[in-house]
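Chemist: Sharing start.txt below, compact mmCIF, C-alpha atoms:
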# COMPACT_ATOMS: atom_id res chain seq x y z
CA MET A 54 20.08 25.85 -23.23
CA LEU A 55 20.38 22.32 -21.82
CA PHE A 56 20.66 23.76 -18.33
CA GLN A 57 17.42 25.73 -18.80
CA ILE A 58 15.54 22.60 -19.98
CA ILE A 59 16.79 20.61 -16.99
CA LEU A 60 15.82 23.47 -14.65
CA ILE A 61 12.31 23.66 -16.14
CA LEU A 62 11.83 19.88 -15.82
CA PHE A 63 13.10 19.98 -12.25
CA LEU A 64 10.72 22.80 -11.29
CA ALA A 65 7.81 21.06 -13.03
CA GLY A 66 8.58 17.92 -11.01
CA ILE A 67 8.56 19.90 -7.78
CA VAL A 68 5.21 21.50 -8.67
CA CYS A 69 3.72 18.06 -9.42
CA LEU A 70 5.03 16.69 -6.12
CA ILE A 71 3.55 19.62 -4.20
CA LEU A 72 0.18 19.15 -5.89
CA ILE A 73 0.18 15.44 -5.05
CA LEU A 74 1.08 16.11 -1.41
CA LEU A 75 -1.64 18.74 -1.08
CA GLN A 76 -4.40 16.43 -2.26
CA PRO A 77 -6.68 15.31 0.57
CA ILE A 78 -6.25 11.70 1.61
CA SER A 79 -9.54 9.84 1.47
CA LEU A 80 -10.93 6.41 0.81
CA GLN A 81 -11.71 7.59 -2.71
CA SER A 82 -7.98 7.43 -3.48
CA TYR A 83 -8.10 3.64 -3.06
CA ASN A 84 -9.48 1.51 -5.89
CA LEU A 85 -10.72 -1.25 -3.58
CA ALA A 86 -11.67 -0.79 0.05
CA VAL A 87 -14.29 -1.74 2.59
CA ILE A 88 -15.75 0.77 4.99
CA GLY A 89 -18.11 -0.29 7.68
CA SER A 90 -19.61 0.17 11.07
CA VAL A 91 -20.41 -1.98 14.07
CA LEU A 92 -23.85 -1.42 15.58
CA ASP A 93 -25.53 -2.77 18.68
CA GLU A 94 -28.24 -5.09 17.36
CA ASP A 95 -30.67 -4.02 20.11
CA THR A 96 -30.19 -0.24 20.21
CA GLN A 97 -28.74 0.35 16.70
CA GLN A 98 -26.10 2.59 18.34
CA PRO A 99 -22.45 2.48 17.18
CA ILE A 100 -20.06 0.37 19.25
CA THR A 101 -16.63 1.84 20.01
CA ASN A 102 -13.47 -0.30 20.27
CA ALA A 103 -15.02 -3.41 18.75
CA LEU A 104 -12.49 -5.80 17.25
CA VAL A 105 -13.01 -6.33 13.51
CA LEU A 106 -11.01 -8.94 11.65
CA LEU A 107 -10.45 -9.00 7.89
CA GLU A 108 -9.47 -12.44 6.62
CA GLU A 109 -8.37 -13.18 3.05
CA VAL A 110 -10.09 -16.50 2.40
CA GLN A 111 -7.52 -18.25 0.19
CA SER A 112 -4.36 -17.43 2.17
CA GLY A 113 -5.91 -17.05 5.62
CA CYS A 114 -3.99 -13.78 6.14
CA GLN A 115 -5.68 -11.56 8.68
CA LEU A 116 -5.74 -7.89 9.53
CA LYS A 117 -7.29 -6.51 12.71
CA THR A 118 -8.60 -3.11 13.69
CA PHE A 119 -10.70 -1.56 16.43
CA THR A 120 -13.69 0.60 15.63
CA ARG A 121 -13.53 4.35 16.10
CA GLN A 122 -15.82 6.34 18.41
CA ASP A 123 -18.45 6.41 15.68
CA GLY A 124 -18.30 2.59 15.37
CA GLY A 125 -16.58 2.88 12.00
CA PHE A 126 -13.66 1.00 10.47
CA TRP A 127 -12.03 0.51 7.07
CA PHE A 128 -9.60 -1.76 5.25
CA ARG A 129 -7.87 -1.48 1.90
CA LEU A 130 -8.50 -4.56 -0.28
CA GLN A 131 -6.44 -6.34 -2.94
CA PRO A 132 -7.84 -7.21 -6.37
CA GLU A 133 -9.07 -10.70 -7.26
CA SER A 134 -9.56 -11.79 -3.65
CA LYS A 135 -12.31 -13.04 -1.38
CA TYR A 136 -12.55 -11.73 2.18
CA ARG A 137 -14.47 -12.39 5.38
CA LEU A 138 -15.12 -9.54 7.81
CA LEU A 139 -15.57 -10.91 11.31
CA LEU A 140 -16.85 -9.37 14.52
CA LEU A 141 -15.55 -11.38 17.49
CA ASP A 142 -16.83 -11.76 21.05
CA SER A 143 -14.84 -12.13 24.27
CA HIS A 144 -14.16 -15.84 23.57
CA GLN A 145 -12.93 -15.17 20.02
CA GLU A 146 -16.22 -16.59 18.70
CA ILE A 147 -17.78 -15.02 15.63
CA ILE A 148 -20.69 -12.70 16.45
CA ASP A 149 -21.29 -11.54 12.88
CA GLU A 150 -19.71 -12.14 9.49
CA VAL A 151 -19.87 -10.53 6.05
CA GLU A 152 -18.21 -11.77 2.87
CA VAL A 153 -16.74 -9.41 0.29
CA SER A 154 -15.25 -10.34 -3.10
CA THR A 155 -13.05 -8.21 -5.34
CA ILE A 156 -12.99 -10.84 -8.09
CA ASN A 157 -13.72 -9.18 -11.45
CA VAL A 158 -14.07 -5.81 -9.69
CA GLU A 159 -11.75 -3.00 -10.74
CA SER A 160 -12.85 -0.25 -8.40
CA LYS A 161 -15.33 -0.33 -5.56
CA ILE A 162 -15.78 0.81 -2.01
CA PHE A 163 -17.84 -1.78 -0.17
CA ASP A 164 -20.09 -0.52 2.63
CA VAL A 165 -20.92 -3.08 5.32
CA THR A 166 -22.54 -3.20 8.74
CA LEU A 167 -21.67 -5.73 11.41
CA ARG A 168 -24.02 -6.23 14.36
CA GLY A 169 -23.41 -7.49 17.88
CA THR A 170 -24.30 -6.71 21.46
CA GLN A 171 -22.51 -4.09 23.49
CA SER A 172 -22.03 -6.47 26.45
CA ASN A 173 -20.21 -9.19 24.45
CA ILE A 174 -17.92 -6.73 22.73
CA LEU A 175 -17.13 -4.73 25.88
CA SER A 176 -16.27 -7.91 27.75
CA PHE A 177 -13.75 -8.69 25.01
CA ILE A 178 -12.07 -5.32 25.48
CA ILE A 179 -11.97 -5.68 29.28
CA ALA A 180 -10.79 -9.31 29.23
CA HIS A 181 -7.91 -8.67 26.84
Starting from the coordinates I provided, produce the structure as structure tokens.
Modeler:
Amino acid sequence: MLFQIILILFLAGIVCLILILLQPISLQSYNLAVIGSVLDEDTQQPITNALVLLEEVQSGCQLKTFTRQDGGFWFRLQPESKYRLLLLDSHQEIIDEVEVSTINVESKIFDVTLRGTQSNILSFIIAH
């Protein structure tokens, strides 16, 4: 009898694990995240390979990513924090900046747009 109970619990655990693994991974599975895009301020077209920096204001910790072909990017955020999203030019100067706060926010996906010029951002990619 004990063996049958253990076997049933084991099989139930495997079924749960399979169901979890089969779930699609999406931004909706994160409680706090920022999704965004980088657009050319003149043409409004997406900019590929733009460097986007996420900086946690209090600690100064930074994460970096490059935009996808559609100009998009995303970062997972921590609760009770303030962030700056920065778009940098070829001289590491700030082209655009957006602030995001997760203070007193339990669950939210922030949607932001950063704007720059294709020439400044491309020169950054070529120079580095």
Chemist: Taking all atoms listed in the file into account, which of A:Asn84, A:Thr96, A:Gln115, A:Ser90 comes nearest Gln171 (chain A)?
Modeler: A:Thr96
Chemist: Can you work out the spacing between CA of Gln97 (chain A) and CA of Glu152 (chain A) in Å, to one decimal?
Modeler: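 For CA of Gln97 (chain A) relative to CA of Glu152 (chain A), the distance reads 21.2 Å.
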Chemist: Go ahead and compute the interatomic distance for CA of Asp123 (chain A) and CA of Leu92 (chain A), in Å to one decimal.
Modeler: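 Rounded to one decimal, the two atoms are 9.5 Å apart.
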Chemist: For the point (-11.1, -10.7, -5.3) in file coordinates, what residues are within 12 Å, counting only C-alpha atoms? Give the answer as a PDB file with C-alpha atoms, in the frame of the given file?
Modeler:
ATOM      1  CA  LEU A  85     -10.720  -1.250  -3.580  1.00  0.00           C
ATOM      2  CA  ALA A  86     -11.670  -0.790   0.050  1.00  0.00           C
ATOM      3  CA  GLU A 109      -8.370 -13.180   3.050  1.00  0.00           C
ATOM      4  CA  VAL A 110     -10.090 -16.500   2.400  1.00  0.00           C
ATOM      5  CA  GLN A 111      -7.520 -18.250   0.190  1.00  0.00           C
ATOM      6  CA  LEU A 130      -8.500  -4.560  -0.280  1.00  0.00           C
ATOM      7  CA  GLN A 131      -6.440  -6.340  -2.940  1.00  0.00           C
ATOM      8  CA  PRO A 132      -7.840  -7.210  -6.370  1.00  0.00           C
ATOM      9  CA  GLU A 133      -9.070 -10.700  -7.260  1.00  0.00           C
ATOM     10  CA  SER A 134      -9.560 -11.790  -3.650  1.00  0.00           C
ATOM     11  CA  LYS A 135     -12.310 -13.040  -1.380  1.00  0.00           C
ATOM     12  CA  TYR A 136     -12.550 -11.730   2.180  1.00  0.00           C
ATOM     13  CA  ARG A 137     -14.470 -12.390   5.380  1.00  0.00           C
ATOM     14  CA  GLU A 152     -18.210 -11.770   2.870  1.00  0.00           C
ATOM     15  CA  VAL A 153     -16.740  -9.410   0.290  1.00  0.00           C
ATOM     16  CA  SER A 154     -15.250 -10.340  -3.100  1.00  0.00           C
ATOM     17  CA  THR A 155     -13.050  -8.210  -5.340  1.00  0.00           C
ATOM     18  CA  ILE A 156     -12.990 -10.840  -8.090  1.00  0.00           C
ATOM     19  CA  ASN A 157     -13.720  -9.180 -11.450  1.00  0.00           C
ATOM     20  CA  VAL A 158     -14.070  -5.810  -9.690  1.00  0.00           C
ATOM     21  CA  GLU A 159     -11.750  -3.000 -10.740  1.00  0.00           C
ATOM     22  CA  SER A 160     -12.850  -0.250  -8.400  1.00  0.00           C
ATOM     23  CA  LYS A 161     -15.330  -0.330  -5.560  1.00  0.00           C
TER      24      LYS A 161
END
Chemist: Using all atoms listed in the file, which residue out of A:Gln122, A:Asp142, A:Trp127, A:Gly113 lies closest to Ile174 (chain A)?
Modeler: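 Residue with the minimum atom-to-atom distance to Ile174 (chain A): A:Asp142.
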Chemist: List the spatial neighbours of Leu106 (chain A) as an NGL selection string - criterion: any atom at most 6 Å away, all atoms listed in the file, same-chain residues fewer than 4 positions off excluded.
Modeler: :A and (116-117 or 138-139)
Chemist: Do you have the CA of Thr120 (chain A)-CA of Ile100 (chain A) distance handy?
Modeler: 7.3 Å
Chemist: Any idea what's packed within 8 Å of Leu140 (chain A), counting all atoms listed in the file, ignoring anything in its chain fewer than 3 positions away? Could you give it as a PyMOL selection string?
Modeler: chain A and resi 103-106+147-150+167-169
Chemist: Between A:Asp95, A:Gly89, A:Val151, A:His144, which residue has the minimum interatomic distance to Arg121 (chain A), considering all atoms listed in the file?
Modeler: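 Of the candidates, the smallest distance to Arg121 (chain A) is held by A:Gly89.
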Chemist: Put a box with edges along x, y and z around all the listed atoms of region 96-110 of chain A, pad it by 8 Å on each side, then give me its centre and sizes in Å, one decimal, as AutoDock Vina command-line options.
Modeler:
--center_x -19.3 --center_y -7.0 --center_z 11.3 --size_x 37.8 --size_y 35.1 --size_z 33.9
